[in-house]
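Undergrad: File coords_3.csv follows (CSV, C-alpha atoms):
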chain,number,residue,atom,x,y,z
T,152,MET,CA,-4.9,24.6,-14.7
T,153,THR,CA,-5.6,26.7,-11.6
T,154,ARG,CA,-4.6,25.1,-8.4
T,155,ILE,CA,-6.4,25.6,-5.1
T,156,GLN,CA,-4.0,26.3,-2.2
T,157,VAL,CA,-5.0,24.7,1.1
T,158,VAL,CA,-3.6,24.4,4.6
T,159,ARG,CA,0.2,24.7,4.8
T,160,ASN,CA,0.3,25.5,1.0
T,161,ARG,CA,-0.5,22.0,0.0
T,162,ILE,CA,-2.1,21.5,-3.4
T,163,VAL,CA,-5.2,19.7,-4.6
T,164,ARG,CA,-6.8,20.0,-8.0
T,165,PRO,CA,-10.2,21.7,-8.5
T,166,THR,CA,-11.8,18.6,-10.1
T,167,SER,CA,-14.9,16.5,-9.6
T,168,ILE,CA,-15.5,16.5,-5.8
T,169,ILE,CA,-14.6,20.2,-5.4
T,170,THR,CA,-16.7,21.2,-8.4
T,171,ARG,CA,-19.7,19.4,-6.9
T,172,MET,CA,-19.2,21.2,-3.6
T,173,LEU,CA,-19.0,24.6,-5.3
T,174,SER,CA,-22.3,23.8,-7.1
T,175,ASP,CA,-23.8,23.2,-3.7
T,176,GLY,CA,-23.0,26.7,-2.6
T,177,LEU,CA,-19.7,26.2,-0.7
T,178,SER,CA,-16.9,28.6,-1.1
T,179,VAL,CA,-13.6,27.6,-2.7
T,180,SER,CA,-12.0,27.4,0.7
T,181,ASP,CA,-14.8,25.3,2.1
T,182,ALA,CA,-14.7,23.0,-0.9
T,183,ALA,CA,-11.0,22.4,-0.5
T,184,THR,CA,-10.9,21.8,3.2
T,185,ALA,CA,-14.0,19.6,3.2
T,186,SER,CA,-12.3,17.0,1.0
T,187,TYR,CA,-8.8,17.2,2.5
T,188,VAL,CA,-7.2,16.2,5.8
T,189,PRO,CA,-4.2,18.6,6.3
T,190,GLY,CA,-2.8,16.7,9.3
T,191,GLY,CA,-0.5,18.2,11.9
T,192,GLY,CA,2.9,17.2,10.6
T,193,SER,CA,5.5,19.7,9.4
T,194,SER,CA,6.9,18.0,6.3
T,195,GLU,CA,5.6,17.7,2.7
T,196,TRP,CA,5.6,14.1,1.7
T,197,ALA,CA,4.2,14.3,-1.8
T,198,ASP,CA,4.2,16.6,-4.8
T,199,VAL,CA,0.4,16.9,-4.9
T,200,TYR,CA,-2.4,15.6,-2.7
T,201,VAL,CA,-5.7,14.1,-3.9
T,202,VAL,CA,-8.8,12.5,-2.5
T,203,PRO,CA,-8.6,8.9,-3.8
T,204,ASN,CA,-12.3,8.5,-4.8
T,205,SER,CA,-12.8,11.9,-6.5
T,206,GLY,CA,-11.2,11.9,-9.9
T,207,GLN,CA,-8.5,14.3,-8.7
T,208,ILE,CA,-5.8,11.8,-9.6
T,209,ASP,CA,-6.6,11.9,-13.3
T,210,ASP,CA,-4.6,15.0,-14.3
T,211,GLU,CA,-1.8,14.2,-11.9
T,212,VAL,CA,-0.9,10.7,-13.3
T,213,MET,CA,-0.2,12.3,-16.7
T,214,THR,CA,3.2,13.5,-15.4
T,215,ASP,CA,5.7,10.7,-15.1
T,216,GLY,CA,7.4,10.5,-11.7
T,217,ARG,CA,5.0,12.8,-9.9
T,218,VAL,CA,4.4,11.7,-6.3
T,219,ILE,CA,0.7,11.8,-5.6
T,220,GLY,CA,-0.3,11.7,-2.0
T,221,PHE,CA,-3.7,10.3,-0.8
T,222,GLU,CA,-5.8,11.8,1.9
T,223,GLY,CA,-9.5,11.9,2.8
T,224,THR,CA,-12.0,12.1,5.6
T,225,SER,CA,-14.3,9.1,5.1
T,226,THR,CA,-14.5,5.5,3.9
T,227,THR,CA,-16.1,6.8,0.7
T,228,GLU,CA,-13.4,9.4,0.0
T,229,TRP,CA,-10.7,6.8,0.7
T,230,ALA,CA,-12.3,4.4,-1.8
T,231,GLY,CA,-12.8,2.1,1.2
T,232,GLN,CA,-14.5,-1.3,1.3
T,233,VAL,CA,-15.5,-3.2,4.4
T,234,THR,CA,-17.5,-6.4,4.1
T,235,SER,CA,-20.8,-5.9,6.0
T,236,GLY,CA,-20.9,-7.7,9.3
T,237,ASN,CA,-17.3,-8.9,9.5
T,238,GLY,CA,-16.4,-6.8,12.6
T,239,GLY,CA,-13.7,-4.8,10.7
T,240,SER,CA,-13.6,-1.1,10.4
T,241,LEU,CA,-11.8,2.0,9.1
T,242,SER,CA,-11.4,5.2,11.1
T,243,PHE,CA,-9.7,8.4,10.3
T,244,ASP,CA,-7.4,10.5,12.5
T,245,THR,CA,-6.2,13.9,11.5
T,246,ASN,CA,-2.9,13.6,13.4
T,247,GLY,CA,-2.6,9.9,14.2
T,248,ALA,CA,0.6,9.2,12.4
T,249,TYR,CA,4.1,9.1,14.0
T,250,ASP,CA,4.8,12.7,12.8
T,251,GLY,CA,1.3,14.1,13.4
T,252,GLU,CA,0.1,13.6,9.9
T,253,ALA,CA,-3.3,12.1,9.1
T,254,SER,CA,-3.8,8.3,9.3
T,255,VAL,CA,-6.2,5.5,8.8
T,256,LEU,CA,-6.8,3.0,11.6
T,257,LEU,CA,-7.7,-0.4,10.2
T,258,VAL,CA,-9.4,-3.1,12.4
T,259,PRO,CA,-9.3,-6.4,10.6
T,260,PRO,CA,-12.3,-8.9,10.4
T,261,SER,CA,-13.3,-10.8,13.5
T,262,ALA,CA,-16.2,-12.6,11.7
T,263,ALA,CA,-16.6,-14.1,8.2
T,264,PRO,CA,-20.2,-13.7,7.0
T,265,GLY,CA,-20.9,-16.3,4.4
T,266,GLY,CA,-17.6,-17.9,5.1
T,267,GLN,CA,-15.8,-16.1,2.2
T,268,GLY,CA,-12.8,-13.8,2.3
T,269,GLN,CA,-13.3,-10.4,3.9
T,270,TYR,CA,-12.5,-6.9,2.8
T,271,VAL,CA,-11.2,-4.1,5.1
T,272,SER,CA,-9.3,-1.9,2.7
T,273,ILE,CA,-8.7,1.6,1.3
T,274,LEU,CA,-7.7,2.7,-2.2
T,275,ARG,CA,-9.9,0.0,-3.7
T,276,ASN,CA,-9.7,-0.1,-7.5
T,277,VAL,CA,-8.1,3.4,-7.8
T,278,ASP,CA,-7.5,4.1,-11.5
T,279,ILE,CA,-3.9,5.3,-12.2
T,280,THR,CA,-4.3,5.6,-16.0
T,281,ASN,CA,-6.7,8.6,-16.4
T,282,GLY,CA,-9.2,6.2,-18.1
T,283,PHE,CA,-6.4,4.7,-20.2
T,284,ALA,CA,-5.3,8.1,-21.5
T,285,LYS,CA,-2.0,7.3,-19.7
T,286,THR,CA,0.1,4.3,-20.6
T,287,VAL,CA,1.5,3.0,-17.3
T,288,PHE,CA,4.4,0.5,-17.5
T,289,GLN,CA,5.8,1.0,-14.0
T,290,ALA,CA,4.2,2.0,-10.7
T,291,ASN,CA,5.2,2.5,-7.1
T,292,LEU,CA,2.9,2.6,-4.0
T,293,ARG,CA,4.4,3.9,-0.8
T,294,TRP,CA,2.9,3.7,2.7
T,295,VAL,CA,3.9,3.7,6.4
T,296,CYS,CA,2.4,1.1,8.7
T,297,SER,CA,2.5,0.3,12.3
T,298,PHE,CA,1.0,-3.1,13.5
T,299,GLY,CA,-0.8,-3.1,16.9
T,300,ASN,CA,0.6,-5.7,19.3
T,301,ARG,CA,-2.1,-8.3,18.9
T,302,TYR,CA,-2.6,-7.7,15.2
T,303,ILE,CA,0.7,-9.6,14.9
T,304,ASP,CA,-0.8,-12.9,16.0
T,305,LEU,CA,-4.6,-12.5,16.0
T,306,ALA,CA,-5.3,-11.0,12.5
T,307,ALA,CA,-6.0,-13.4,9.7
T,308,GLY,CA,-3.6,-13.5,6.8
T,309,ALA,CA,-4.2,-10.9,4.1
T,310,LYS,CA,-3.6,-10.0,0.5
T,311,TRP,CA,-2.3,-6.6,1.8
T,312,ALA,CA,-1.6,-4.3,-1.2
T,313,GLY,CA,-1.3,-4.6,-5.0
T,314,PHE,CA,-1.5,-3.3,-8.5
T,315,THR,CA,-3.7,-4.6,-11.3
T,316,VAL,CA,-2.6,-5.2,-14.9
T,317,ARG,CA,-4.4,-6.2,-18.1
T,318,ASN,CA,-3.9,-7.4,-21.7
T,319,SER,CA,-5.4,-4.6,-23.8
T,320,THR,CA,-6.3,-7.0,-26.6
T,321,ASN,CA,-8.3,-9.6,-24.8
T,322,LEU,CA,-8.8,-7.6,-21.6
T,323,ASN,CA,-7.6,-10.5,-19.4
T,324,THR,CA,-6.4,-9.2,-16.0
T,325,ASN,CA,-4.0,-10.1,-13.3
T,326,ARG,CA,-2.2,-8.6,-10.3
T,327,VAL,CA,1.0,-8.3,-8.3
T,328,ASN,CA,0.6,-8.1,-4.5
T,329,VAL,CA,2.1,-8.0,-1.1
T,330,PHE,CA,0.8,-10.6,1.3
T,331,GLU,CA,1.1,-10.5,5.1
T,332,GLN,CA,0.3,-13.0,7.9
T,333,PHE,CA,1.5,-14.5,11.1
T,334,VAL,CA,4.1,-17.2,10.5
T,335,GLU,CA,4.5,-19.6,13.3
T,336,SER,CA,7.8,-20.9,14.9
T,337,PRO,CA,10.3,-22.0,13.8
T,338,TYR,CA,9.8,-20.3,10.5
T,339,ALA,CA,9.5,-16.8,12.0
T,340,ASN,CA,7.2,-16.6,15.0
T,341,GLY,CA,6.0,-13.2,13.9
T,342,ARG,CA,4.1,-11.2,11.3
T,343,CYS,CA,5.8,-11.6,7.9
T,344,VAL,CA,5.3,-10.2,4.4
T,345,ALA,CA,5.6,-11.7,0.9
T,346,VAL,CA,5.9,-10.3,-2.6
T,347,THR,CA,3.8,-12.1,-5.2
T,348,VAL,CA,3.1,-12.4,-8.9
T,349,ASP,CA,-0.5,-13.3,-9.3
T,350,GLU,CA,-0.6,-15.4,-6.1
T,351,THR,CA,2.7,-17.1,-6.5
T,352,ALA,CA,4.6,-15.7,-3.4
T,353,SER,CA,8.1,-15.4,-2.0
T,354,TRP,CA,8.3,-14.8,1.7
T,355,HIS,CA,12.1,-14.6,1.6
T,356,GLY,CA,14.5,-11.7,0.8
T,357,PRO,CA,16.3,-9.9,-0.4
T,358,SER,CA,16.5,-12.8,-2.8
T,359,PRO,CA,13.9,-15.6,-3.0
T,360,VAL,CA,14.7,-19.1,-1.8
T,361,PRO,CA,14.1,-21.1,-5.0
T,362,GLU,CA,13.0,-24.3,-3.5
T,363,CYS,CA,10.8,-22.6,-0.8
T,364,GLY,CA,7.9,-20.6,-2.1
T,365,PHE,CA,5.8,-20.9,1.0
T,366,TYR,CA,5.8,-19.1,4.4
T,367,ASP,CA,6.3,-22.3,6.4
T,368,CYS,CA,9.7,-23.3,5.1
T,369,GLY,CA,13.2,-21.8,5.2
T,370,THR,CA,14.6,-20.2,8.3
T,371,ALA,CA,13.6,-17.1,10.2
T,372,SER,CA,16.7,-15.3,9.0
T,373,GLN,CA,15.7,-15.8,5.4
T,374,LYS,CA,12.4,-14.1,5.8
T,375,GLY,CA,12.0,-10.7,4.2
T,376,LEU,CA,10.6,-9.0,7.3
T,377,ILE,CA,9.5,-10.2,10.7
T,378,VAL,CA,7.4,-8.1,13.2
T,379,ARG,CA,7.0,-9.3,16.8
T,380,SER,CA,5.8,-7.7,20.0
T,381,THR,CA,9.4,-6.6,21.0
T,382,ALA,CA,11.8,-5.2,18.4
T,383,ASN,CA,15.4,-6.4,18.0
T,384,HIS,CA,16.7,-4.5,15.0
T,385,GLY,CA,20.2,-5.7,15.4
T,386,GLY,CA,19.4,-9.3,16.0
T,387,SER,CA,19.6,-12.3,13.7
T,388,PRO,CA,17.0,-12.3,12.4
T,389,GLN,CA,16.3,-8.6,12.5
T,390,ILE,CA,12.9,-8.0,14.2
T,391,ALA,CA,10.7,-4.9,13.9
T,392,GLY,CA,8.3,-4.2,16.9
T,393,ALA,CA,4.7,-3.6,17.6
T,394,ASP,CA,3.4,-0.1,17.1
T,395,GLU,CA,6.6,0.8,15.2
T,396,PRO,CA,6.3,2.9,12.0
T,397,ILE,CA,7.7,0.9,9.1
T,398,TYR,CA,8.1,2.3,5.6
T,399,PHE,CA,6.9,0.0,2.8
T,400,GLU,CA,7.0,0.6,-0.9
T,401,LEU,CA,5.8,-1.7,-3.6
T,402,GLU,CA,7.3,-1.4,-7.1
T,403,PHE,CA,5.9,-3.1,-10.1
T,404,ASP,CA,7.9,-2.8,-13.3
T,405,ASN,CA,6.1,-4.5,-16.2
T,406,THR,CA,8.8,-3.9,-18.7
T,407,THR,CA,11.5,-6.3,-19.8
T,408,THR,CA,13.8,-3.8,-21.5
T,409,ARG,CA,15.2,-1.7,-18.6
T,410,GLY,CA,17.9,-4.0,-17.3
T,411,ASN,CA,15.3,-6.4,-15.9
T,412,SER,CA,14.6,-8.9,-18.7
T,413,GLU,CA,11.8,-10.6,-16.8
T,414,GLY,CA,10.3,-7.5,-15.2
T,415,ARG,CA,10.1,-7.3,-11.4
T,416,VAL,CA,8.1,-6.9,-8.3
T,417,LYS,CA,10.1,-5.3,-5.5
T,418,LEU,CA,9.2,-4.3,-1.9
T,419,TYR,CA,11.3,-1.7,0.0
T,420,MET,CA,11.1,-1.8,3.9
T,421,ALA,CA,12.8,0.3,6.6
T,422,THR,CA,12.5,1.2,10.2
T,423,ARG,CA,13.0,4.8,11.4
T,424,ASP,CA,16.5,4.2,12.8
T,425,GLY,CA,17.6,2.7,9.4
T,426,VAL,CA,19.0,-0.5,11.0
T,427,ILE,CA,16.3,-2.5,9.2
T,428,ASN,CA,16.5,-1.3,5.6
T,429,LYS,CA,15.7,-4.2,3.3
T,430,THR,CA,14.2,-5.2,0.0
T,431,MET,CA,12.5,-8.3,-1.4
T,432,GLU,CA,12.4,-8.8,-5.2
T,433,ILE,CA,11.1,-11.4,-7.6
T,434,PRO,CA,10.8,-11.4,-11.4
T,435,LEU,CA,7.5,-11.6,-13.1
T,436,SER,CA,8.4,-15.1,-14.3
T,437,TRP,CA,8.0,-16.2,-10.6
T,438,ASP,CA,4.6,-17.1,-11.9
T,439,PRO,CA,5.3,-19.2,-15.0
T,440,ASN,CA,2.1,-18.0,-16.8
T,441,PHE,CA,2.5,-14.3,-16.3
T,442,LEU,CA,5.0,-13.1,-18.9
T,443,GLY,CA,3.4,-15.0,-21.8
T,444,ALA,CA,-0.1,-13.6,-21.1
T,445,GLY,CA,0.6,-10.2,-22.9
T,446,TYR,CA,-0.2,-8.0,-19.9
T,447,ASN,CA,0.8,-4.6,-21.2
T,448,GLN,CA,-1.2,-2.0,-19.2
T,449,ILE,CA,-0.9,-1.4,-15.5
T,450,THR,CA,-4.4,-0.3,-14.6
T,451,GLY,CA,-4.7,0.7,-11.0
T,452,ILE,CA,-4.2,0.0,-7.3
T,453,GLU,CA,-6.1,-3.1,-6.3
T,454,TRP,CA,-6.3,-2.1,-2.6
T,455,LEU,CA,-4.3,-1.3,0.5
T,456,GLY,CA,-5.3,-2.9,3.8
T,457,GLY,CA,-6.6,-6.2,3.0
T,458,TYR,CA,-8.6,-9.0,1.5
T,459,PHE,CA,-8.4,-11.2,4.6
T,460,ASN,CA,-8.5,-14.9,4.1
T,461,ASN,CA,-10.9,-15.5,7.0
T,462,ALA,CA,-11.8,-14.1,10.4
T,463,GLY,CA,-9.3,-13.2,13.0
T,464,THR,CA,-9.8,-12.6,16.7
T,465,ALA,CA,-10.8,-9.2,18.0
T,466,ASP,CA,-8.6,-7.3,20.5
T,467,ALA,CA,-8.1,-3.7,21.5
T,468,THR,CA,-4.6,-3.8,19.9
T,469,CYS,CA,-5.5,-5.9,16.9
T,470,ASN,CA,-5.2,-3.1,14.3
T,471,GLN,CA,-2.8,-1.5,11.8
T,472,ARG,CA,-2.3,2.2,11.3
T,473,LEU,CA,-1.6,3.4,7.7
T,474,SER,CA,-0.3,6.8,6.7
T,475,HIS,CA,1.7,8.7,4.0
T,476,MET,CA,0.1,6.7,1.2
T,477,ALA,CA,1.4,7.9,-2.2
T,478,VAL,CA,1.6,6.6,-5.8
T,479,SER,CA,3.9,7.5,-8.7
T,480,VAL,CA,4.1,6.0,-12.2
T,481,ASN,CA,6.7,5.5,-14.9
T,482,ARG,CA,9.7,6.3,-12.6
T,483,ASP,CA,13.3,5.6,-13.5
T,484,VAL,CA,14.8,2.3,-12.8
T,485,ASP,CA,15.8,1.9,-9.1
T,486,ASP,CA,14.2,5.2,-8.2
T,487,PRO,CA,11.7,4.6,-5.4
T,488,ILE,CA,9.6,7.3,-3.9
T,489,GLY,CA,11.3,6.6,-0.6
T,490,PRO,CA,10.2,7.2,3.0
T,491,PRO,CA,8.5,10.5,3.9
T,492,PRO,CA,11.0,13.4,4.6
T,493,GLY,CA,12.1,13.2,8.2
T,494,PHE,CA,11.2,9.5,8.6
T,495,PHE,CA,14.8,8.5,9.4
T,496,THR,CA,15.9,9.6,12.9
Give the structure from the file, written as structure tokens.
TA:
Amino acid sequence: MTRIQVVRNRIVRPTSIITRMLSDGLSVSDAATASYVPGGGSSEWADVYVVPNSGQIDDEVMTDGRVIGFEGTSTTEWAGQVTSGNGGSLSFDTNGAYDGEASVLLVPPSAAPGGQGQYVSILRNVDITNGFAKTVFQANLRWVCSFGNRYIDLAAGAKWAGFTVRNSTNLNTNRVNVFEQFVESPYANGRCVAVTVDETASWHGPSPVPECGFYDCGTASQKGLIVRSTANHGGSPQIAGADEPIYFELEFDNTTTRGNSEGRVKLYMATRDGVINKTMEIPLSWDPNFLGAGYNQITGIEWLGGYFNNAGTADATCNQRLSHMAVSVNRDVDDPIGPPPGFFT
């Protein structure tokens, strides 16, 4: 298939959104750049680049291990969802990331219309199976995030990122996720993350604490990651800081035959100096009902950003900045996408 070359020789596919633009009278060059944020960085951080809500991903997921980068210019292109009236927002910056790449600034909810949970998210329900033409048994989602200073303690807790899975016979569905929230002292006194199967979470890593499945137990040094206003990478516990770019990668292996007899959910995390370089991992049996339910098709990205449990408190620094989002399917065992090139200093 012919590829369209765009700024800095990056590649996008000439599918749905570009085809529609051409039919509206735009040139090939206009069509490509209108649906793509080249950013100002100097490194290539994916094999191909697609607009999430355009169908461009369909051909790309057919190749195992291909790193598919996401970029866009609007909430619609980003497959974004913001619950109306909740005070949250998504905005897009062509060079807002730590290396001059494009980024998304997420402001979390400060109100809860109707009292229910609140969405402020991107990559909402992005299909990674090409309409089930592709069998996906393993998937990785990579992103870089920096937390604004008051996001750490003022934002509500969130189901932050995840993959969906289904049983192809009865079409029952489930998920694996990353949760994040402020965890009070003495358990952390900072923003923490958890890996989950369905909604059964482990806040501790690299190995879970068997008797302690909740955030408000265990010790701070047992937490998988803690973010506070001031960094202390070499401390005990290790602390990442506000506005500090942190690499995250969620891996979901739904197999039981690749050396992991109960499957696994794994989260990779690192700071740019490499001092904090950690993982958290749990088996799919962490939820006792998961393995027996026959979930045999990973279907898509549930979202990135958040389904927030309730409203937080607004502040000028209550935000998170997301960049370098990429997905890859059916990778080898213990083969993460890894941080963007040049991330480590």
Undergrad: With all atoms listed in the file as the counted atoms, please give the residues lying no more than 9 Å from Arg293 of chain T, apart from itself and same-chain residues fewer than 4 positions off, as a CSV table (one decimal) with C-alpha atoms, in the coordinates of the input.
TA:
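Dumped everything to selection-v5.csv:
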chain,number,residue,atom,x,y,z
T,398,TYR,CA,8.1,2.3,5.6
T,399,PHE,CA,6.9,0.0,2.8
T,400,GLU,CA,7.0,0.6,-0.9
T,401,LEU,CA,5.8,-1.7,-3.6
T,402,GLU,CA,7.3,-1.4,-7.1
T,419,TYR,CA,11.3,-1.7,0.0
T,475,HIS,CA,1.7,8.7,4.0
T,476,MET,CA,0.1,6.7,1.2
T,477,ALA,CA,1.4,7.9,-2.2
T,478,VAL,CA,1.6,6.6,-5.8
T,479,SER,CA,3.9,7.5,-8.7
T,487,PRO,CA,11.7,4.6,-5.4
T,488,ILE,CA,9.6,7.3,-3.9
T,489,GLY,CA,11.3,6.6,-0.6
T,490,PRO,CA,10.2,7.2,3.0
Undergrad: Could you work out how far atom CA of Ala197 of chain T lies from atom CA of Ala345 of chain T, giving the answer in Å with one decimal?
TA: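 The value is 26.2 Å.
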Undergrad: Need the neighbours of (0.5, 4.8, -10.2): which residues are at most 10 Å away, counting only C-alpha atoms, as a PyMOL selection string?
TA: chain T and resi 208+211-213+215-219+277-280+287-292+314+402-403+449-452+477-482
Undergrad: Kindly indicate which residue among T:Asn237, T:Asn204, T:Asn246, T:Thr381 lies nearest to Asn276 of chain T, using all atoms listed in the file for the distances.
TA: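 Smallest distance to Asn276 of chain T is found for T:Asn204.
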Undergrad: Excluding Thr351 of chain T and its own-chain neighbours fewer than 2 positions away, which residues fall within 7 Å of it when counting all atoms listed in the file? Please give them as JSON, numbers by chain.
TA: {"T": [347, 348, 349, 437, 438]}
Undergrad: As an exercise, work out the distance from atom CA of Phe221 of chain T to atom CA of Leu257 of chain T in Å and give it to one decimal place.
TA: 15.9 Å
Undergrad: Using atom CA of Arg326 of chain T and atom CA of Asn405 of chain T as the two end points, give the distance in Å to one decimal.
TA: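 Taking atom CA of Arg326 of chain T as the start and atom CA of Asn405 of chain T as the end point, the length is 11.0 Å.
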Undergrad: Leaving out Ala421 of chain T and any residue of its chain fewer than 2 positions from it, which residues lie within 10 Å of it when counting all atoms listed in the file, given as JSON, numbers by chain?
TA: {"T": [295, 376, 391, 396, 397, 398, 399, 400, 419, 423, 424, 425, 426, 427, 428, 429, 430, 489, 490, 494, 495]}
Undergrad: With all atoms listed in the file as the atoms that count, which of T:Glu331, T:Asp250, T:Glu228, T:Glu453 lies nearest to Lys374 of chain T?
TA: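 Once distances to Lys374 of chain T are computed over all atoms listed in the file, the minimum belongs to T:Glu331.
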Undergrad: Let me have the centre and edge lengths in Å, one decimal, of the box along x, y and z around every listed atom of segment 379-398 of chain T with 3 Å of margin on each side, as lines of an AutoDock Vina configuration file.
TA:
center_x = 11.8
center_y = -4.7
center_z = 13.3
size_x = 22.8
size_y = 21.2
size_z = 21.4
Undergrad: Within 7 Å of (16.4, -14.1, 6.7), in the coordinates the file gives, what residues turn up when you count only C-alpha atoms, written out as a list in words?
TA: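 Result, sorted by chain then residue number: His355, Gly356, Thr370, Ala371, Ser372, Gln373, Lys374, Gly375 and Pro388 of chain T.
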Undergrad: With distances taken over all atoms listed in the file, which of T:Gly236, T:Asn328, T:Cys469, T:Val255 is nearest to Val316 of chain T?
TA: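 Of T:Gly236, T:Asn328, T:Cys469, T:Val255, the one nearest Val316 of chain T is T:Asn328, counting all atoms listed in the file.
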Undergrad: Once N, CA and C atoms are restored for segment 283-300 of chain T, what would the output be as a compact mmCIF listing (two decimals), in the coordinates of the input?
TA:
# COMPACT_ATOMS: atom_id res chain seq x y z
N PHE T 283 -7.23 5.22 -19.11
CA PHE T 283 -6.40 4.70 -20.20
C PHE T 283 -5.83 5.77 -21.10
N ALA T 284 -5.97 7.04 -20.73
CA ALA T 284 -5.30 8.10 -21.50
C ALA T 284 -3.79 8.06 -21.22
N LYS T 285 -3.39 7.46 -20.10
CA LYS T 285 -2.00 7.30 -19.70
C LYS T 285 -1.55 5.89 -19.83
N THR T 286 -0.45 5.63 -20.52
CA THR T 286 0.10 4.30 -20.60
C THR T 286 1.07 4.14 -19.36
N VAL T 287 0.74 3.25 -18.46
CA VAL T 287 1.50 3.00 -17.30
C VAL T 287 2.25 1.69 -17.38
N PHE T 288 3.57 1.73 -17.42
CA PHE T 288 4.40 0.50 -17.50
C PHE T 288 5.10 0.19 -16.23
N GLN T 289 5.11 1.15 -15.31
CA GLN T 289 5.80 1.00 -14.00
C GLN T 289 5.09 1.80 -12.98
N ALA T 290 4.94 1.26 -11.76
CA ALA T 290 4.20 2.00 -10.70
C ALA T 290 4.79 1.68 -9.35
N ASN T 291 4.75 2.68 -8.47
CA ASN T 291 5.20 2.50 -7.10
C ASN T 291 4.06 2.99 -6.16
N LEU T 292 3.85 2.22 -5.10
CA LEU T 292 2.90 2.60 -4.00
C LEU T 292 3.66 2.59 -2.73
N ARG T 293 3.65 3.73 -2.04
CA ARG T 293 4.40 3.90 -0.80
C ARG T 293 3.37 4.11 0.37
N TRP T 294 3.66 3.50 1.53
CA TRP T 294 2.90 3.70 2.70
C TRP T 294 3.75 3.49 3.95
N VAL T 295 3.29 4.01 5.09
CA VAL T 295 3.90 3.70 6.40
C VAL T 295 2.87 3.00 7.21
N CYS T 296 3.30 1.93 7.88
CA CYS T 296 2.40 1.10 8.70
C CYS T 296 2.98 0.80 10.03
N SER T 297 2.14 0.83 11.06
CA SER T 297 2.50 0.30 12.30
C SER T 297 1.47 -0.79 12.71
N PHE T 298 1.92 -1.95 13.16
CA PHE T 298 1.00 -3.10 13.50
C PHE T 298 0.81 -3.03 15.03
N GLY T 299 -0.47 -3.02 15.44
CA GLY T 299 -0.80 -3.10 16.90
C GLY T 299 -0.29 -4.47 17.41
N ASN T 300 -0.05 -4.50 18.72
CA ASN T 300 0.60 -5.70 19.30
C ASN T 300 -0.09 -6.98 19.02
